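**Q** protein_8.pdb is reproduced in full below (PDB, C-alpha atoms).
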ATOM      1  CA  MET A1333     154.312 105.080  69.713
ATOM      2  CA  THR A1334     156.619 103.816  72.373
ATOM      3  CA  VAL A1335     155.917 101.874  75.509
ATOM      4  CA  THR A1336     158.072 103.729  77.990
ATOM      5  CA  SER A1337     157.525 101.725  81.147
ATOM      6  CA  ILE A1338     155.863  98.597  82.441
ATOM      7  CA  ARG A1339     155.429  97.912  86.127
ATOM      8  CA  LYS A1340     154.063  94.716  87.557
ATOM      9  CA  ASP A1341     153.275  94.380  91.215
ATOM     10  CA  PRO A1342     152.136  90.829  92.012
ATOM     11  CA  GLU A1343     151.384  91.742  95.621
ATOM     12  CA  ALA A1344     149.129  94.646  94.671
ATOM     13  CA  LEU A1345     147.777  92.579  91.730
ATOM     14  CA  THR A1346     148.470  95.523  89.469
ATOM     15  CA  MET A1347     150.105  96.103  86.109
ATOM     16  CA  THR A1348     150.800  99.598  84.802
ATOM     17  CA  ILE A1349     151.942 100.303  81.272
ATOM     18  CA  THR A1350     152.905 103.766  80.054
ATOM     19  CA  ALA A1351     153.269 104.787  76.411
ATOM     20  CA  GLU A1352     153.944 107.917  74.413
ATOM     21  CA  LEU A1353     151.514 108.610  71.598
ATOM     22  CA  GLY A1354     152.336 110.783  68.610
ATOM     23  CA  ALA A1355     149.006 112.597  68.767
ATOM     24  CA  THR A1356     147.287 115.372  70.673
ATOM     25  CA  ILE A1357     145.466 114.459  73.858
ATOM     26  CA  GLU A1358     142.112 115.104  72.159
ATOM     27  CA  ARG A1359     143.028 112.778  69.321
ATOM     28  CA  ALA A1360     144.283 110.107  71.724
ATOM     29  CA  TRP A1361     141.026 110.324  73.702
ATOM     30  CA  GLN A1362     139.084 109.445  70.566
ATOM     31  CA  LEU A1363     140.781 106.028  70.560
ATOM     32  CA  TRP A1364     138.585 105.318  73.604
ATOM     33  CA  ALA A1365     135.639 107.617  73.027
ATOM     34  CA  ASP A1366     134.822 106.644  69.441
ATOM     35  CA  PRO A1367     133.446 103.079  69.300
ATOM     36  CA  ARG A1368     134.556 102.622  65.678
ATOM     37  CA  GLN A1369     138.129 103.484  66.679
ATOM     38  CA  LEU A1370     137.956 101.378  69.826
ATOM     39  CA  GLU A1371     137.051  98.286  67.829
ATOM     40  CA  ARG A1372     140.122  98.740  65.659
ATOM     41  CA  TRP A1373     142.539  98.238  68.553
ATOM     42  CA  TRP A1374     140.715  96.412  71.363
ATOM     43  CA  GLY A1375     140.772  92.944  69.870
ATOM     44  CA  PRO A1376     143.687  91.294  68.077
ATOM     45  CA  PRO A1377     143.378  90.982  64.273
ATOM     46  CA  THR A1378     142.272  87.373  64.622
ATOM     47  CA  TYR A1379     139.543  88.362  67.126
ATOM     48  CA  PRO A1380     138.230  91.733  65.909
ATOM     49  CA  ALA A1381     135.895  93.520  68.286
ATOM     50  CA  THR A1382     132.448  94.861  67.471
ATOM     51  CA  VAL A1383     131.223  97.488  69.929
ATOM     52  CA  VAL A1384     127.461  97.365  70.498
ATOM     53  CA  ASP A1385     126.666  99.907  73.245
ATOM     54  CA  HIS A1386     129.074 102.700  74.043
ATOM     55  CA  ASP A1387     128.110 105.157  76.753
ATOM     56  CA  LEU A1388     131.177 106.798  78.296
ATOM     57  CA  ALA A1389     129.294 108.439  81.170
ATOM     58  CA  PRO A1390     129.596 107.534  84.858
ATOM     59  CA  GLY A1391     127.578 104.341  85.323
ATOM     60  CA  GLY A1392     127.383 103.942  81.549
ATOM     61  CA  LYS A1393     127.949 100.633  79.792
ATOM     62  CA  VAL A1394     130.079  99.613  76.887
ATOM     63  CA  THR A1395     129.293  96.203  75.435
ATOM     64  CA  TYR A1396     131.179  94.399  72.733
ATOM     65  CA  PHE A1397     131.875  91.023  71.263
ATOM     66  CA  MET A1398     134.900  89.622  69.520
ATOM     67  CA  THR A1399     134.626  87.245  66.606
ATOM     68  CA  GLY A1400     137.162  84.458  66.301
ATOM     69  CA  PRO A1401     138.468  82.648  63.236
ATOM     70  CA  GLU A1402     135.777  79.967  63.540
ATOM     71  CA  GLY A1403     133.018  82.565  63.770
ATOM     72  CA  ASP A1404     132.960  82.054  67.557
ATOM     73  CA  GLN A1405     131.773  85.098  69.492
ATOM     74  CA  HIS A1406     133.067  86.209  72.879
ATOM     75  CA  HIS A1407     131.155  88.915  74.690
ATOM     76  CA  GLY A1408     132.464  91.442  77.174
ATOM     77  CA  TRP A1409     131.414  94.627  78.898
ATOM     78  CA  TRP A1410     132.746  97.706  80.606
ATOM     79  CA  GLU A1411     131.054  99.661  83.333
ATOM     80  CA  VAL A1412     132.271 103.258  83.396
ATOM     81  CA  LEU A1413     133.207 104.205  86.969
ATOM     82  CA  ALA A1414     134.539 107.692  86.262
ATOM     83  CA  VAL A1415     135.243 109.755  83.203
ATOM     84  CA  ASP A1416     136.957 113.103  82.697
ATOM     85  CA  PRO A1417     137.521 113.750  78.974
ATOM     86  CA  PRO A1418     140.177 113.838  77.610
ATOM     87  CA  LYS A1419     142.230 112.988  80.670
ATOM     88  CA  ARG A1420     140.858 110.067  82.598
ATOM     89  CA  LEU A1421     138.706 106.979  82.227
ATOM     90  CA  GLU A1422     138.088 104.436  84.943
ATOM     91  CA  LEU A1423     136.217 101.261  84.172
ATOM     92  CA  LYS A1424     135.343  97.741  85.186
ATOM     93  CA  ASP A1425     135.967  95.158  82.482
ATOM     94  CA  GLY A1426     134.222  91.813  82.580
ATOM     95  CA  PHE A1427     132.866  88.863  80.643
ATOM     96  CA  ALA A1428     129.353  88.337  79.362
ATOM     97  CA  ASP A1429     127.362  85.389  78.116
ATOM     98  CA  ASP A1430     126.380  84.942  74.473
ATOM     99  CA  SER A1431     123.430  87.314  74.842
ATOM    100  CA  GLY A1432     125.727  90.038  76.200
ATOM    101  CA  THR A1433     124.449  89.732  79.792
ATOM    102  CA  PRO A1434     127.300  90.237  82.290
ATOM    103  CA  ASN A1435     128.492  86.972  83.757
ATOM    104  CA  ASP A1436     128.796  87.633  87.490
ATOM    105  CA  ALA A1437     130.543  84.347  88.095
ATOM    106  CA  MET A1438     133.538  85.589  86.136
ATOM    107  CA  PRO A1439     136.156  87.931  87.553
ATOM    108  CA  VAL A1440     136.365  91.582  86.582
ATOM    109  CA  THR A1441     139.408  93.807  86.269
ATOM    110  CA  ILE A1442     139.558  97.510  87.087
ATOM    111  CA  THR A1443     141.280  99.625  84.463
ATOM    112  CA  VAL A1444     142.299 103.251  84.880
ATOM    113  CA  VAL A1445     143.419 105.173  81.807
ATOM    114  CA  THR A1446     145.108 108.540  82.206
ATOM    115  CA  LEU A1447     146.180 110.805  79.377
ATOM    116  CA  ALA A1448     148.466 113.815  79.757
ATOM    117  CA  GLU A1449     149.975 116.263  77.305
ATOM    118  CA  ARG A1450     153.668 115.660  76.906
ATOM    119  CA  ASP A1451     156.197 118.461  77.004
ATOM    120  CA  GLY A1452     157.372 118.941  73.435
ATOM    121  CA  GLY A1453     154.230 117.456  71.913
ATOM    122  CA  GLY A1454     152.391 114.195  71.962
ATOM    123  CA  THR A1455     150.493 112.471  74.724
ATOM    124  CA  VAL A1456     151.516 110.211  77.562
ATOM    125  CA  MET A1457     149.023 107.428  78.190
ATOM    126  CA  ALA A1458     149.125 105.296  81.321
ATOM    127  CA  ILE A1459     146.951 102.221  81.718
ATOM    128  CA  GLU A1460     146.653 100.580  85.091
ATOM    129  CA  SER A1461     144.976  97.191  85.357
ATOM    130  CA  ARG A1462     144.100  95.854  88.758
ATOM    131  CA  PHE A1463     142.529  92.618  89.912
ATOM    132  CA  PRO A1464     140.023  92.805  92.732
ATOM    133  CA  SER A1465     141.359  89.724  94.506
ATOM    134  CA  LEU A1466     143.838  86.947  94.205
ATOM    135  CA  ALA A1467     140.938  84.528  93.814
ATOM    136  CA  ALA A1468     139.737  86.433  90.750
ATOM    137  CA  MET A1469     143.233  86.450  89.448
ATOM    138  CA  GLU A1470     143.653  82.730  89.958
ATOM    139  CA  GLN A1471     140.413  82.121  88.133
ATOM    140  CA  LEU A1472     141.717  84.053  85.154
ATOM    141  CA  VAL A1473     145.049  82.328  85.323
ATOM    142  CA  SER A1474     143.471  78.911  85.342
ATOM    143  CA  MET A1475     141.407  79.915  82.318
ATOM    144  CA  GLY A1476     144.458  81.288  80.560
ATOM    145  CA  MET A1477     146.329  78.095  81.179
ATOM    146  CA  GLU A1478     143.870  76.089  79.119
ATOM    147  CA  GLU A1479     146.280  75.576  76.278
ATOM    148  CA  GLY A1480     150.095  75.512  76.539
ATOM    149  CA  MET A1481     150.408  75.317  80.273
ATOM    150  CA  ALA A1482     147.462  72.989  80.744
ATOM    151  CA  ALA A1483     149.352  70.153  79.168
ATOM    152  CA  ALA A1484     152.354  70.806  81.367
ATOM    153  CA  MET A1485     150.182  71.102  84.450
ATOM    154  CA  GLY A1486     148.377  67.896  83.549
ATOM    155  CA  GLN A1487     151.727  66.224  83.449
ATOM    156  CA  ILE A1488     152.538  67.597  86.888
ATOM    157  CA  ASP A1489     149.236  66.252  88.211
ATOM    158  CA  ALA A1490     150.022  62.858  86.765
ATOM    159  CA  ILE A1491     153.437  62.930  88.381
ATOM    160  CA  LEU A1492     151.975  63.928  91.717
ATOM    161  CA  ALA A1493     149.454  61.110  91.517
ATOM    162  CA  GLU A1494     152.277  58.750  90.685
ATOM    163  CA  GLY A1495     154.362  60.125  93.541
ATOM    164  CA  ALA A1496     151.551  59.638  95.992
ATOM    165  CA  THR A1497     151.657  55.909  95.377
ATOM    166  CA  THR A1498     155.436  55.517  95.443
ATOM    167  CA  LEU A1499     156.407  57.736  98.375
TER     168      LEU A1499
ATOM    169  CA  MET B1067     140.280  88.376  78.177
ATOM    170  CA  LEU B1068     139.930  84.632  77.995
ATOM    171  CA  ILE B1069     140.786  84.749  74.322
ATOM    172  CA  TYR B1070     143.755  86.978  74.807
ATOM    173  CA  ASN B1071     144.957  84.716  77.538
ATOM    174  CA  ARG B1072     144.771  81.805  75.157
ATOM    175  CA  MET B1073     146.630  83.667  72.489
ATOM    176  CA  VAL B1074     149.243  84.901  74.847
ATOM    177  CA  VAL B1075     149.585  81.423  76.219
ATOM    178  CA  ASP B1076     150.350  80.279  72.689
ATOM    179  CA  THR B1077     153.423  82.475  72.562
ATOM    180  CA  LEU B1078     154.410  83.458  76.079
ATOM    181  CA  ALA B1079     153.729  80.221  77.851
ATOM    182  CA  ASP B1080     155.139  78.096  75.059
ATOM    183  CA  GLU B1081     158.621  78.882  76.267
ATOM    184  CA  GLN B1082     157.615  78.266  79.843
ATOM    185  CA  ALA B1083     155.921  75.028  78.829
ATOM    186  CA  ASP B1084     159.084  73.959  76.998
ATOM    187  CA  ARG B1085     161.100  74.516  80.142
ATOM    188  CA  VAL B1086     158.547  72.662  82.237
ATOM    189  CA  PHE B1087     158.432  69.721  79.839
ATOM    190  CA  HIS B1088     162.192  69.575  79.644
ATOM    191  CA  ALA B1089     162.448  69.692  83.428
ATOM    192  CA  LEU B1090     159.905  66.900  83.787
ATOM    193  CA  ALA B1091     161.423  64.727  81.076
ATOM    194  CA  ASP B1092     163.864  63.222  83.564
ATOM    195  CA  ALA B1093     162.888  60.631  86.180
ATOM    196  CA  THR B1094     165.246  61.987  88.831
ATOM    197  CA  ARG B1095     163.883  65.503  88.428
ATOM    198  CA  ARG B1096     160.325  64.238  88.642
ATOM    199  CA  ASP B1097     161.194  62.458  91.838
ATOM    200  CA  ILE B1098     162.863  65.570  93.263
ATOM    201  CA  LEU B1099     159.782  67.634  92.413
ATOM    202  CA  VAL B1100     157.447  65.193  94.141
ATOM    203  CA  ARG B1101     159.613  65.144  97.256
ATOM    204  CA  THR B1102     159.945  68.920  97.423
ATOM    205  CA  LEU B1103     156.238  69.499  96.888
ATOM    206  CA  ALA B1104     155.598  67.278  99.868
ATOM    207  CA  GLY B1105     158.095  69.174 102.032
ATOM    208  CA  GLN B1106     161.296  71.162 102.145
ATOM    209  CA  HIS B1107     164.568  69.274 101.626
ATOM    210  CA  SER B1108     168.188  70.296 101.518
ATOM    211  CA  VAL B1109     170.103  69.477  98.356
ATOM    212  CA  SER B1110     172.354  67.146 100.342
ATOM    213  CA  ALA B1111     169.357  65.301 101.801
ATOM    214  CA  LEU B1112     167.941  64.930  98.285
ATOM    215  CA  ALA B1113     171.285  63.726  96.989
ATOM    216  CA  ARG B1114     171.240  60.762  99.381
ATOM    217  CA  HIS B1115     168.268  59.314  97.502
ATOM    218  CA  TYR B1116     170.031  59.007  94.194
ATOM    219  CA  PRO B1117     173.075  57.065  92.972
ATOM    220  CA  MET B1118     174.792  60.186  91.691
ATOM    221  CA  SER B1119     177.026  62.981  92.884
ATOM    222  CA  PHE B1120     175.866  65.963  94.919
ATOM    223  CA  ALA B1121     176.843  68.169  91.959
ATOM    224  CA  ALA B1122     174.641  66.152  89.599
ATOM    225  CA  VAL B1123     171.667  66.485  91.936
ATOM    226  CA  GLN B1124     172.371  70.175  92.265
ATOM    227  CA  LYS B1125     172.234  70.442  88.470
ATOM    228  CA  HIS B1126     168.849  68.716  88.397
ATOM    229  CA  VAL B1127     167.577  71.141  91.027
ATOM    230  CA  ALA B1128     168.826  74.048  88.922
ATOM    231  CA  VAL B1129     166.844  72.813  85.903
ATOM    232  CA  LEU B1130     163.698  72.553  88.039
ATOM    233  CA  GLU B1131     164.370  76.015  89.390
ATOM    234  CA  GLY B1132     164.789  77.408  85.853
ATOM    235  CA  ALA B1133     161.380  76.008  84.939
ATOM    236  CA  GLY B1134     159.867  77.741  87.956
ATOM    237  CA  LEU B1135     158.922  74.430  89.551
ATOM    238  CA  VAL B1136     161.028  74.714  92.710
ATOM    239  CA  ILE B1137     162.648  77.491  94.667
ATOM    240  CA  LYS B1138     165.869  77.375  96.613
ATOM    241  CA  GLN B1139     166.398  79.087  99.917
ATOM    242  CA  ARG B1140     169.592  79.363 101.830
ATOM    243  CA  LYS B1141     169.313  78.404 105.487
ATOM    244  CA  GLY B1142     172.609  78.548 107.300
ATOM    245  CA  ARG B1143     174.988  76.351 105.347
ATOM    246  CA  GLU B1144     172.201  74.462 103.637
ATOM    247  CA  GLN B1145     170.265  75.113 100.436
ATOM    248  CA  LEU B1146     166.654  74.188 101.043
ATOM    249  CA  VAL B1147     164.573  73.214  98.031
ATOM    250  CA  ARG B1148     160.831  73.520  97.987
ATOM    251  CA  GLY B1149     158.302  72.742  95.264
ATOM    252  CA  LYS B1150     156.720  75.919  94.041
ATOM    253  CA  VAL B1151     153.152  76.171  92.860
ATOM    254  CA  ASP B1152     152.392  79.333  94.715
ATOM    255  CA  THR B1153     150.026  82.189  94.159
ATOM    256  CA  MET B1154     152.780  84.717  93.561
ATOM    257  CA  GLN B1155     153.910  82.690  90.597
ATOM    258  CA  LYS B1156     150.374  82.639  89.264
ATOM    259  CA  ALA B1157     150.000  86.363  89.864
ATOM    260  CA  THR B1158     153.203  87.098  88.016
ATOM    261  CA  ARG B1159     152.135  84.938  85.120
ATOM    262  CA  LEU B1160     148.797  86.700  84.829
ATOM    263  CA  LEU B1161     150.396  90.134  84.944
ATOM    264  CA  GLU B1162     152.732  89.007  82.165
ATOM    265  CA  GLN B1163     149.734  88.051  80.082
ATOM    266  CA  LEU B1164     148.108  91.412  80.762
ATOM    267  CA  GLU B1165     151.303  93.140  79.768
ATOM    268  CA  ALA B1166     151.361  91.287  76.453
ATOM    269  CA  ILE B1167     147.696  92.110  75.799
ATOM    270  CA  TRP B1168     148.186  95.823  76.430
ATOM    271  CA  THR B1169     151.470  96.001  74.544
ATOM    272  CA  ASP B1170     149.672  94.604  71.480
ATOM    273  CA  ARG B1171     146.781  97.027  71.919
ATOM    274  CA  ILE B1172     149.109  99.994  72.230
ATOM    275  CA  ASP B1173     150.928  98.821  69.091
ATOM    276  CA  ARG B1174     147.627  98.836  67.222
ATOM    277  CA  MET B1175     146.806 102.329  68.528
ATOM    278  CA  GLY B1176     150.222 103.462  67.326
ATOM    279  CA  ASP B1177     149.605 101.999  63.877
ATOM    280  CA  MET B1178     146.295 103.861  63.650
ATOM    281  CA  LEU B1179     147.850 107.177  64.635
ATOM    282  CA  ALA B1180     150.879 106.655  62.381
ATOM    283  CA  GLY B1181     148.559 105.933  59.442
ATOM    284  CA  GLU B1182     146.917 109.320  59.959
ATOM    285  CA  ARG B1183     150.204 111.170  60.149
ATOM    286  CA  ASN B1184     151.224 109.559  56.874
ATOM    287  CA  GLY B1185     148.174 110.942  55.161
ATOM    288  CA  GLY B1186     145.950 107.910  55.641
ATOM    289  CA  THR B1187     142.205 108.229  55.502
ATOM    290  CA  THR B1188     141.446 107.009  59.006
ATOM    291  CA  PRO B1189     138.920 109.141  60.855
TER     292      PRO B1189
END
Kindly return the structure encoded in the file as C-alpha cells.

**A**
Amino acid sequence: MTVTSIRKDPEALTMTITAELGATIERAWQLWADPRQLERWWGPPTYPATVVDHDLAPGGKVTYFMTGPEGDQHHGWWEVLAVDPPKRLELKDGFADDSGTPNDAMPVTITVVTLAERDGGGTVMAIESRFPSLAAMEQLVSMGMEEGMAAAMGQIDAILAEGATTL
Amino acid sequence: MLIYNRMVVDTLADEQADRVFHALADATRRDILVRTLAGQHSVSALARHYPMSFAAVQKHVAVLEGAGLVIKQRKGREQLVRGKVDTMQKATRLLEQLEAIWTDRIDRMGDMLAGERNGGTTP
C-alpha cells in the first residue's frame, strides 16, 4: 500500500489523500462495508474502535466508540449521504456523547471515498475530507491543541497579557 | 477525531511546540512578538527599540518566523513584520492533523491486506 498523493487546500478546507491498495476493488470495499474490518483500521492501536450500528445505505447510520488506554470511551457516528458499492461512499462524520447520541454542538466533517480499479491490478482509493466551515475547523483545532500546543499557546497568552501592561 | 488530534499533537505538534518555546525563550523575541501582534512594523523600526544591531534583530525575527509566530512581507524597500495567529495557519495545522490520521489508517488497511496476501487468516 502506497500513499501516492496528498493535497491540502486550506482555503477550500479540504484534504485529499490518494493511495494504491494491493487488492481488488471488491476486497478494498470490504474495508468499509464490513464493520469487523472497519474496526481494525479506523482507530489507532491504542484507541481501538468498536462498531455498534453499521448501515451503509443512504441516510443510514454507523455508530462506534473507541476505547482508550484508561478504559475511556469516545463515541462517534457517520451518516451515510451516498453509497455506490464498490466505488463510492460519502458520509458525515461527527462526535457523540457517551450514550452514542450525536453531539450537535460539535463540528462534523464530510468524507468522500472513491475506489477505482487500477490499470495493471490493484485499487486506487481517494479519500477527501472537507470541513463545513472555518468555524468548525477552528473548533476542532482548538480541541486538538489541548496538549502540546496548549502549553505554548498559554505561554503566548501570558506574554500578551504581560505586553499589555508594558506597552 | 478529538483523540486522534491529541495523538497527532503528541508527535506532530511537538516539533512545532519546540520551535515556539525556543522562539519565546528570549526576552527580545517576546517583545518583538508583542509589538508585531499589536501592529505591523518594519525590521528597522523594531531594531530601534533594542540595543543591538539591525542584523541581530533580523535574526530574532527569523526565529519567530520559523516558529510560525510572525510573517514578513516586503513593502518597497522595507520588510514589514506582523504577528501571525491567523485562520489560515490554523486551517493548515488541522489539515496536517487530518493527513496524519488518514496516513495511519491507510497504513493499517495496507497491513490487513498484506497479511491476507501472505496467507494470513484475516477474513

**Q** I want to know what sits within 12 Å of Val1383 in chain A, based on only C-alpha atoms, with residues of the same chain fewer than 3 positions away left out; could you give that as a PyMOL selection string?

**A** chain A and resi 1364-1375+1380+1386-1387+1393-1399+1406-1410+1432

**Q** Apply the PyMOL selection byres ((chain A and resi 1420-1422) around 8) to the file shown and report the selected residues as an NGL selection string.

**A** :A and (1412-1419 or 1423-1424 or 1442-1447)

**Q** Can those selected residues be exported to a file as a CSV table (one decimal), in the coordinates of the input so that it contains C-alpha atoms?

**A**
chain,number,residue,atom,x,y,z
A,1412,VAL,CA,132.3,103.3,83.4
A,1413,LEU,CA,133.2,104.2,87.0
A,1414,ALA,CA,134.5,107.7,86.3
A,1415,VAL,CA,135.2,109.8,83.2
A,1416,ASP,CA,137.0,113.1,82.7
A,1417,PRO,CA,137.5,113.8,79.0
A,1418,PRO,CA,140.2,113.8,77.6
A,1419,LYS,CA,142.2,113.0,80.7
A,1423,LEU,CA,136.2,101.3,84.2
A,1424,LYS,CA,135.3,97.7,85.2
A,1442,ILE,CA,139.6,97.5,87.1
A,1443,THR,CA,141.3,99.6,84.5
A,1444,VAL,CA,142.3,103.3,84.9
A,1445,VAL,CA,143.4,105.2,81.8
A,1446,THR,CA,145.1,108.5,82.2
A,1447,LEU,CA,146.2,110.8,79.4

**Q** Could you state the separation of CA of Val1440 in chain A and CA of Asp1425 in chain A in Å, given to one decimal place?

**A**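 The value is 5.5 Å.
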
**Q** Could you tell me how far CA of Arg1140 in chain B lies from CA of Ala1122 in chain B, in Å and to one decimal?

**A**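 Between CA of Arg1140 in chain B and CA of Ala1122 in chain B the gap is 18.7 Å.
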
**Q** Decode the PyMOL selection byres ((chain A and resi 1439) around 7) for the given file into explicit residues and return them as an mmCIF file with C-alpha atoms, in the coordinates of the input.

**A**
data_model
loop_
_atom_site.group_PDB
_atom_site.id
_atom_site.type_symbol
_atom_site.label_atom_id
_atom_site.label_comp_id
_atom_site.auth_asym_id
_atom_site.auth_seq_id
_atom_site.Cartn_x
_atom_site.Cartn_y
_atom_site.Cartn_z
ATOM 1 C CA GLY A 1426 134.222 91.813 82.580
ATOM 2 C CA ALA A 1437 130.543 84.347 88.095
ATOM 3 C CA MET A 1438 133.538 85.589 86.136
ATOM 4 C CA VAL A 1440 136.365 91.582 86.582
ATOM 5 C CA THR A 1441 139.408 93.807 86.269
ATOM 6 C CA ALA A 1468 139.737 86.433 90.750
#

**Q** Distance CA of Ala1344 in chain A-CA of Leu1103 in chain B, one decimal place?

**A** 26.2 Å

**Q** Residues near Gly1176 in chain B, anyone? I mean within 12 Å using all atoms listed in the file, not counting same-chain ones fewer than 3 positions away, as a PDB file with C-alpha atoms, in the frame of the given file.

**A**
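Listed below is the output, out-v1.pdb:
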ATOM      1  CA  MET A1333     154.312 105.080  69.713  1.00  0.00           C
ATOM      2  CA  THR A1334     156.619 103.816  72.373  1.00  0.00           C
ATOM      3  CA  VAL A1335     155.917 101.874  75.509  1.00  0.00           C
ATOM      4  CA  ALA A1351     153.269 104.787  76.411  1.00  0.00           C
ATOM      5  CA  GLU A1352     153.944 107.917  74.413  1.00  0.00           C
ATOM      6  CA  LEU A1353     151.514 108.610  71.598  1.00  0.00           C
ATOM      7  CA  GLY A1354     152.336 110.783  68.610  1.00  0.00           C
ATOM      8  CA  ALA A1355     149.006 112.597  68.767  1.00  0.00           C
ATOM      9  CA  ARG A1359     143.028 112.778  69.321  1.00  0.00           C
ATOM     10  CA  ALA A1360     144.283 110.107  71.724  1.00  0.00           C
ATOM     11  CA  LEU A1363     140.781 106.028  70.560  1.00  0.00           C
ATOM     12  CA  ARG A1372     140.122  98.740  65.659  1.00  0.00           C
ATOM     13  CA  TRP A1373     142.539  98.238  68.553  1.00  0.00           C
ATOM     14  CA  GLY A1454     152.391 114.195  71.962  1.00  0.00           C
ATOM     15  CA  THR A1455     150.493 112.471  74.724  1.00  0.00           C
ATOM     16  CA  MET A1457     149.023 107.428  78.190  1.00  0.00           C
TER      17      MET A1457
ATOM     18  CA  THR B1169     151.470  96.001  74.544  1.00  0.00           C
ATOM     19  CA  ASP B1170     149.672  94.604  71.480  1.00  0.00           C
ATOM     20  CA  ARG B1171     146.781  97.027  71.919  1.00  0.00           C
ATOM     21  CA  ILE B1172     149.109  99.994  72.230  1.00  0.00           C
ATOM     22  CA  ASP B1173     150.928  98.821  69.091  1.00  0.00           C
ATOM     23  CA  LEU B1179     147.850 107.177  64.635  1.00  0.00           C
ATOM     24  CA  ALA B1180     150.879 106.655  62.381  1.00  0.00           C
ATOM     25  CA  GLY B1181     148.559 105.933  59.442  1.00  0.00           C
ATOM     26  CA  GLU B1182     146.917 109.320  59.959  1.00  0.00           C
ATOM     27  CA  ARG B1183     150.204 111.170  60.149  1.00  0.00           C
TER      28      ARG B1183
END

**Q** Rank A:Pro1401, A:Glu1411, A:Ile1459, A:Pro1434 by their smallest atom-to-atom distance to chain B, using only C-alpha atoms, and report the top residue only.

**A** A:Ile1459

**Q** Got a sec to resolve the PyMOL selection byres ((chain B and resi 1095) around 12) on this structure and send the residues as a ChimeraX atom specification?

**A** /A:1488,1491 /B:1086-1094,1096-1102,1112-1113,1115-1116,1122-1131,1133,1135-1136,1149

**Q** So, with all atoms listed in the file as the atoms that count, which of B:Asn1184, B:Ser1119, B:Gln1139, B:Ser1108 lies closest to chain A?

**A**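 That would be B:Asn1184, the residue with the smallest distance to chain A.
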
**Q** Extending 4 Å beyond the listed atoms of range 1437-1451 of chain A on each side, what axis-aligned box results? I want centre and edge lengths in Å to one decimal, as AutoDock Vina command-line options.

**A**
--center_x 143.4 --center_y 101.4 --center_z 82.5 --size_x 33.7 --size_y 42.1 --size_z 19.2

**Q** Nearest to chain A among B:Arg1148, B:His1107, B:Arg1143, B:Arg1085, with distances taken over all atoms listed in the file: which residue is it?

**A**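 Using all atoms listed in the file, chain A sits closest to B:Arg1085.
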
**Q** Please return range 1376-1380 of chain A, rebuilt to all heavy atoms, as a PDB file, in the frame of the given file.

**A**
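So the final result, stored in out-v1.pdb, reads:
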ATOM      1  N   PRO A1376     142.617  91.606  69.037  1.00  0.00           N
ATOM      2  CA  PRO A1376     143.687  91.294  68.077  1.00  0.00           C
ATOM      3  C   PRO A1376     143.085  91.049  66.694  1.00  0.00           C
ATOM      4  O   PRO A1376     141.886  90.788  66.587  1.00  0.00           O
ATOM      5  CB  PRO A1376     144.307  90.029  68.648  1.00  0.00           C
ATOM      6  CG  PRO A1376     143.284  89.433  69.545  1.00  0.00           C
ATOM      7  CD  PRO A1376     142.425  90.556  70.032  1.00  0.00           C
ATOM      8  N   PRO A1377     143.904  91.131  65.634  1.00  0.00           N
ATOM      9  CA  PRO A1377     143.378  90.982  64.273  1.00  0.00           C
ATOM     10  C   PRO A1377     142.592  89.689  64.071  1.00  0.00           C
ATOM     11  O   PRO A1377     141.638  89.660  63.301  1.00  0.00           O
ATOM     12  CB  PRO A1377     144.640  90.990  63.403  1.00  0.00           C
ATOM     13  CG  PRO A1377     145.665  91.688  64.214  1.00  0.00           C
ATOM     14  CD  PRO A1377     145.344  91.412  65.654  1.00  0.00           C
ATOM     15  N   THR A1378     142.976  88.650  64.781  1.00  0.00           N
ATOM     16  CA  THR A1378     142.272  87.373  64.622  1.00  0.00           C
ATOM     17  C   THR A1378     140.960  87.330  65.409  1.00  0.00           C
ATOM     18  O   THR A1378     140.149  86.441  65.217  1.00  0.00           O
ATOM     19  CB  THR A1378     143.157  86.204  65.085  1.00  0.00           C
ATOM     20  OG1 THR A1378     143.791  86.590  66.308  1.00  0.00           O
ATOM     21  CG2 THR A1378     144.217  85.880  64.049  1.00  0.00           C
ATOM     22  N   TYR A1379     140.777  88.278  66.339  1.00  0.00           N
ATOM     23  CA  TYR A1379     139.543  88.362  67.126  1.00  0.00           C
ATOM     24  C   TYR A1379     139.020  89.795  67.127  1.00  0.00           C
ATOM     25  O   TYR A1379     138.996  90.444  68.175  1.00  0.00           O
ATOM     26  CB  TYR A1379     139.781  87.904  68.576  1.00  0.00           C
ATOM     27  CG  TYR A1379     139.874  86.414  68.740  1.00  0.00           C
ATOM     28  CD1 TYR A1379     141.086  85.752  68.568  1.00  0.00           C
ATOM     29  CD2 TYR A1379     138.748  85.650  69.074  1.00  0.00           C
ATOM     30  CE1 TYR A1379     141.190  84.375  68.712  1.00  0.00           C
ATOM     31  CE2 TYR A1379     138.841  84.279  69.227  1.00  0.00           C
ATOM     32  CZ  TYR A1379     140.064  83.644  69.043  1.00  0.00           C
ATOM     33  OH  TYR A1379     140.153  82.291  69.196  1.00  0.00           O
ATOM     34  N   PRO A1380     138.650  90.322  65.953  1.00  0.00           N
ATOM     35  CA  PRO A1380     138.230  91.733  65.909  1.00  0.00           C
ATOM     36  C   PRO A1380     137.000  91.979  66.786  1.00  0.00           C
ATOM     37  O   PRO A1380     136.132  91.112  66.910  1.00  0.00           O
ATOM     38  CB  PRO A1380     137.915  91.955  64.424  1.00  0.00           C
ATOM     39  CG  PRO A1380     137.701  90.597  63.856  1.00  0.00           C
ATOM     40  CD  PRO A1380     138.533  89.654  64.662  1.00  0.00           C
TER      41      PRO A1380
END
